[in-house]
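A.B. asks: So I've got this file, upload.pdb, and it contains PDB, C-alpha atoms and all ligand atoms:
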```pdb
ATOM      1  CA  MET A   1     103.807  49.465 111.601
ATOM      2  CA  THR A   2     105.249  52.018 113.997
ATOM      3  CA  LYS A   3     108.865  52.767 113.454
ATOM      4  CA  ILE A   4     110.589  51.625 116.575
ATOM      5  CA  GLN A   5     114.221  52.435 115.936
ATOM      6  CA  THR A   6     115.210  54.657 118.804
ATOM      7  CA  MET A   7     117.966  57.142 118.346
ATOM      8  CA  TRP A   8     119.579  59.331 120.920
ATOM      9  CA  THR A   9     119.464  62.926 119.752
ATOM     10  CA  ASP A  10     121.143  66.062 121.140
ATOM     11  CA  ASP A  11     117.915  67.390 122.605
ATOM     12  CA  LEU A  12     117.986  64.436 125.012
ATOM     13  CA  SER A  13     121.271  65.556 126.549
ATOM     14  CA  VAL A  14     121.268  66.207 130.288
ATOM     15  CA  GLY A  15     124.590  68.025 130.060
ATOM     16  CA  ASN A  16     126.566  65.175 131.603
ATOM     17  CA  THR A  17     128.608  62.928 129.299
ATOM     18  CA  THR A  18     128.519  59.859 131.552
ATOM     19  CA  ILE A  19     124.750  59.978 131.919
ATOM     20  CA  ASP A  20     124.232  60.784 128.232
ATOM     21  CA  ASN A  21     126.305  57.718 127.355
ATOM     22  CA  GLU A  22     124.210  55.567 129.655
ATOM     23  CA  HIS A  23     121.058  56.833 127.967
ATOM     24  CA  LYS A  24     122.575  55.990 124.567
ATOM     25  CA  GLN A  25     123.355  52.504 125.815
ATOM     26  CA  LEU A  26     119.740  52.099 127.010
ATOM     27  CA  PHE A  27     118.506  52.909 123.536
ATOM     28  CA  ALA A  28     120.981  50.460 122.044
ATOM     29  CA  LEU A  29     119.642  47.727 124.350
ATOM     30  CA  ILE A  30     116.037  48.515 123.439
ATOM     31  CA  ASN A  31     116.855  48.416 119.746
ATOM     32  CA  GLU A  32     118.566  45.074 120.211
ATOM     33  CA  PHE A  33     115.551  43.778 122.079
ATOM     34  CA  TYR A  34     113.259  44.957 119.314
ATOM     35  CA  ARG A  35     115.407  43.204 116.718
ATOM     36  CA  GLY A  36     115.192  40.060 118.801
ATOM     37  CA  ILE A  37     111.409  40.171 118.688
ATOM     38  CA  LYS A  38     111.325  41.025 115.013
ATOM     39  CA  ASP A  39     113.704  38.186 114.130
ATOM     40  CA  GLU A  40     111.585  35.829 116.236
ATOM     41  CA  SER A  41     114.551  34.908 118.389
ATOM     42  CA  PRO A  42     114.097  31.975 120.764
ATOM     43  CA  ARG A  43     112.523  32.752 124.110
ATOM     44  CA  GLU A  44     115.800  32.153 125.953
ATOM     45  CA  ARG A  45     117.447  34.846 123.884
ATOM     46  CA  LEU A  46     114.609  37.304 124.503
ATOM     47  CA  GLU A  47     114.780  36.562 128.219
ATOM     48  CA  GLU A  48     118.486  37.260 128.120
ATOM     49  CA  LEU A  49     117.891  40.564 126.328
ATOM     50  CA  ILE A  50     115.194  41.772 128.670
ATOM     51  CA  LEU A  51     117.218  40.762 131.717
ATOM     52  CA  GLY A  52     120.152  42.710 130.303
ATOM     53  CA  LEU A  53     117.875  45.704 129.979
ATOM     54  CA  VAL A  54     116.581  45.307 133.553
ATOM     55  CA  ASN A  55     120.110  45.123 134.930
ATOM     56  CA  TYR A  56     121.463  47.995 132.901
ATOM     57  CA  THR A  57     118.482  50.156 133.787
ATOM     58  CA  LYS A  58     118.986  49.431 137.486
ATOM     59  CA  SER A  59     122.607  50.453 137.365
ATOM     60  CA  HIS A  60     121.830  53.571 135.338
ATOM     61  CA  PHE A  61     119.046  54.629 137.699
ATOM     62  CA  SER A  62     121.270  54.128 140.690
ATOM     63  CA  ASN A  63     124.058  56.247 139.119
ATOM     64  CA  GLU A  64     121.566  58.923 138.243
ATOM     65  CA  GLU A  65     120.088  58.940 141.742
ATOM     66  CA  LYS A  66     123.582  59.384 143.226
ATOM     67  CA  HIS A  67     124.131  62.273 140.860
ATOM     68  CA  MET A  68     120.862  63.912 141.945
ATOM     69  CA  LEU A  69     121.710  63.337 145.612
ATOM     70  CA  GLN A  70     125.047  65.104 145.133
ATOM     71  CA  MET A  71     123.321  68.213 143.845
ATOM     72  CA  ALA A  72     120.677  68.016 146.607
ATOM     73  CA  TYR A  73     117.937  67.784 143.999
ATOM     74  CA  PRO A  74     114.621  68.568 145.710
ATOM     75  CA  GLN A  75     112.528  66.199 143.538
ATOM     76  CA  LEU A  76     114.729  63.183 144.105
ATOM     77  CA  LYS A  77     111.981  61.194 145.813
ATOM     78  CA  GLU A  78     109.462  61.534 142.964
ATOM     79  CA  HIS A  79     112.189  60.748 140.479
ATOM     80  CA  GLN A  80     113.140  57.610 142.391
ATOM     81  CA  GLU A  81     109.510  56.508 142.401
ATOM     82  CA  ALA A  82     109.350  56.861 138.616
ATOM     83  CA  HIS A  83     112.503  54.739 138.332
ATOM     84  CA  GLN A  84     111.024  52.146 140.655
ATOM     85  CA  PHE A  85     107.852  51.940 138.577
ATOM     86  CA  PHE A  86     109.831  51.221 135.439
ATOM     87  CA  ILE A  87     112.044  48.605 137.114
ATOM     88  CA  GLU A  88     109.002  46.768 138.476
ATOM     89  CA  LYS A  89     107.235  46.867 135.137
ATOM     90  CA  THR A  90     110.258  45.598 133.227
ATOM     91  CA  GLN A  91     111.035  42.948 135.808
ATOM     92  CA  ASN A  92     107.442  41.806 135.629
ATOM     93  CA  TYR A  93     107.748  41.385 131.851
ATOM     94  CA  TYR A  94     110.834  39.282 132.399
ATOM     95  CA  GLU A  95     109.167  37.088 135.021
ATOM     96  CA  ARG A  96     106.059  36.531 132.931
ATOM     97  CA  LEU A  97     108.150  35.720 129.916
ATOM     98  CA  HIS A  98     110.229  33.296 131.947
ATOM     99  CA  ALA A  99     107.062  31.607 133.234
ATOM    100  CA  GLY A 100     105.766  31.299 129.670
ATOM    101  CA  LYS A 101     102.909  33.686 130.439
ATOM    102  CA  LEU A 102     103.880  36.473 128.142
ATOM    103  CA  ILE A 103     104.264  36.603 124.438
ATOM    104  CA  LEU A 104     106.593  39.442 123.737
ATOM    105  CA  SER A 105     105.275  41.802 121.219
ATOM    106  CA  ILE A 106     105.988  45.088 119.591
ATOM    107  CA  GLU A 107     103.647  46.615 122.171
ATOM    108  CA  VAL A 108     105.986  45.599 124.974
ATOM    109  CA  THR A 109     108.910  47.180 123.155
ATOM    110  CA  ASN A 110     106.850  50.270 122.456
ATOM    111  CA  PHE A 111     106.013  50.616 126.118
ATOM    112  CA  LEU A 112     109.697  50.401 127.088
ATOM    113  CA  LYS A 113     110.774  52.813 124.402
ATOM    114  CA  ASP A 114     107.989  55.348 124.977
ATOM    115  CA  TRP A 115     108.459  55.359 128.723
ATOM    116  CA  LEU A 116     112.213  55.839 128.458
ATOM    117  CA  VAL A 117     112.070  58.555 125.823
ATOM    118  CA  LYS A 118     109.422  60.407 127.795
ATOM    119  CA  HIS A 119     111.369  59.992 131.025
ATOM    120  CA  ILE A 120     114.658  61.201 129.544
ATOM    121  CA  LYS A 121     112.988  64.080 127.705
ATOM    122  CA  GLY A 122     110.826  65.151 130.615
ATOM    123  CA  THR A 123     111.783  63.903 134.074
ATOM    124  CA  ASP A 124     115.544  63.699 133.504
ATOM    125  CA  GLN A 125     115.553  67.127 131.876
ATOM    126  CA  GLN A 126     114.179  68.559 135.108
ATOM    127  CA  TYR A 127     117.277  67.728 137.137
ATOM    128  CA  ALA A 128     119.419  68.866 134.198
ATOM    129  CA  ALA A 129     117.705  72.270 134.359
ATOM    130  CA  PHE A 130     118.120  72.379 138.138
ATOM    131  CA  GLU A 131     121.830  71.612 137.742
ATOM    132  CA  ARG A 132     122.276  74.278 135.067
ATOM    133  CA  ASN A 133     120.781  76.829 137.455
ATOM    134  CA  LEU A 134     123.190  75.779 140.219
ATOM    135  CA  LYS A 135     126.118  76.425 137.916
ATOM    136  CA  ALA A 136     124.746  79.680 136.546
TER     137      ALA A 136
HETATM  138 FE    FE B   1     118.104  58.610 133.074
HETATM  139 FE    FE B   2     115.784  59.227 135.514
END
```
Now that the file is in, can you turn its structure into structure tokens?

C.D. replies:
Amino acid sequence: MTKIQTMWTDDLSVGNTTIDNEHKQLFALINEFYRGIKDESPRERLEELILGLVNYTKSHFSNEEKHMLQMAYPQLKEHQEAHQFFIEKTQNYYERLHAGKLILSIEVTNFLKDWLVKHIKGTDQQYAAFERNLKA
């Protein structure tokens, strides 16, 4: 089975402690969610976990978007669209789960984890690079 444990590592840093801490918290929430699935927690608990993830992600994205706005980041719009995609996807998981139409699986967790890692490593790193250039 794929190893799912997600760790924040230094190469994921965007050079901003607040945002780095939010990314660490996102990983913590995903790991907790994964444990919930693995332990076969009741559906109510899994709903609670995924809703927690949806809400935390929303607040993180909104903080990050404010940060990008402050530095007049030229790719803000594309970045916002990527955030929106993830929110809709995650919210859809929650709604389907709530309606009893989704059996949560490792694949769902893998999607969440892979998307986030890729986003933080790729898309988030782009504004970090832009910001470094501003300061240089
Ligand atoms: Fe982020
Ligand atoms: Fe982002």

A.B. asks: Which is closest to A:Asn16 among A:Gln125, A:Asn110, A:Gln75, A:Asn133, if we use all atoms listed in the file?

C.D. replies: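 Closest residue, counting all atoms listed in the file: A:Gln125.
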
A.B. asks: Can you work out which one of A:His23, A:Lys38, A:Lys135, A:Lys77 has the shortest atom-to-atom distance to ligand FE 1 (chain B), counting only C-alpha atoms and all ligand atoms?

C.D. replies: A:His23

A.B. asks: Which residues sit within 8 Å of ligand FE 2 (chain B), counting only C-alpha atoms and all ligand atoms, listed as a ChimeraX atom specification?

C.D. replies: /A:61,64-65,79-80,82-83,119-120,123-124

A.B. asks: To one decimal in Å, tell me the separation between atom CA of A:Tyr93 and atom CA of A:Ser62.

C.D. replies: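 Taking atom CA of A:Tyr93 and atom CA of A:Ser62, their separation equals 20.6 Å.
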
A.B. asks: Find the residue from A:Ala99, A:Leu116, A:Phe27, A:Leu104 that sits nearest to ligand FE 1 (chain B); use only C-alpha atoms and all ligand atoms when measuring.

C.D. replies: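 For ligand FE 1 (chain B), the nearest of the candidates is A:Leu116.
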
A.B. asks: How many Å separate atom CA of A:Asp20 from atom CA of A:Phe130?

C.D. replies: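 That distance, rounded to one decimal, is 16.4 Å.
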
A.B. asks: Kindly list the centre and edge lengths in Å, rounded to one decimal, for the axis-aligned box that covers all listed atoms of stretch 112-118 of chain A plus 4 Å on each of its six sides, as AutoDock Vina command-line options.

C.D. replies:
```
--center_x 110.1 --center_y 55.4 --center_z 126.6 --size_x 12.2 --size_y 18.0 --size_z 12.3
```

A.B. asks: If the PyMOL selection byres (((chain A and resi 106) around 10) and not hetatm) were run on this exact file, what residues would it hold? Put them as a ChimeraX atom specification.

C.D. replies: /A:1-2,4,33-34,37-38,103-105,107-112

A.B. asks: Can you give me, as number ranges by chain, the residues this file yields under the PyMOL selection byres (((chain A and resi 53) around 12) and not hetatm)?

C.D. replies: A: 22-23, 25-34, 46-52, 54-61, 86-87, 89-91, 93-94, 109, 112-113, 116
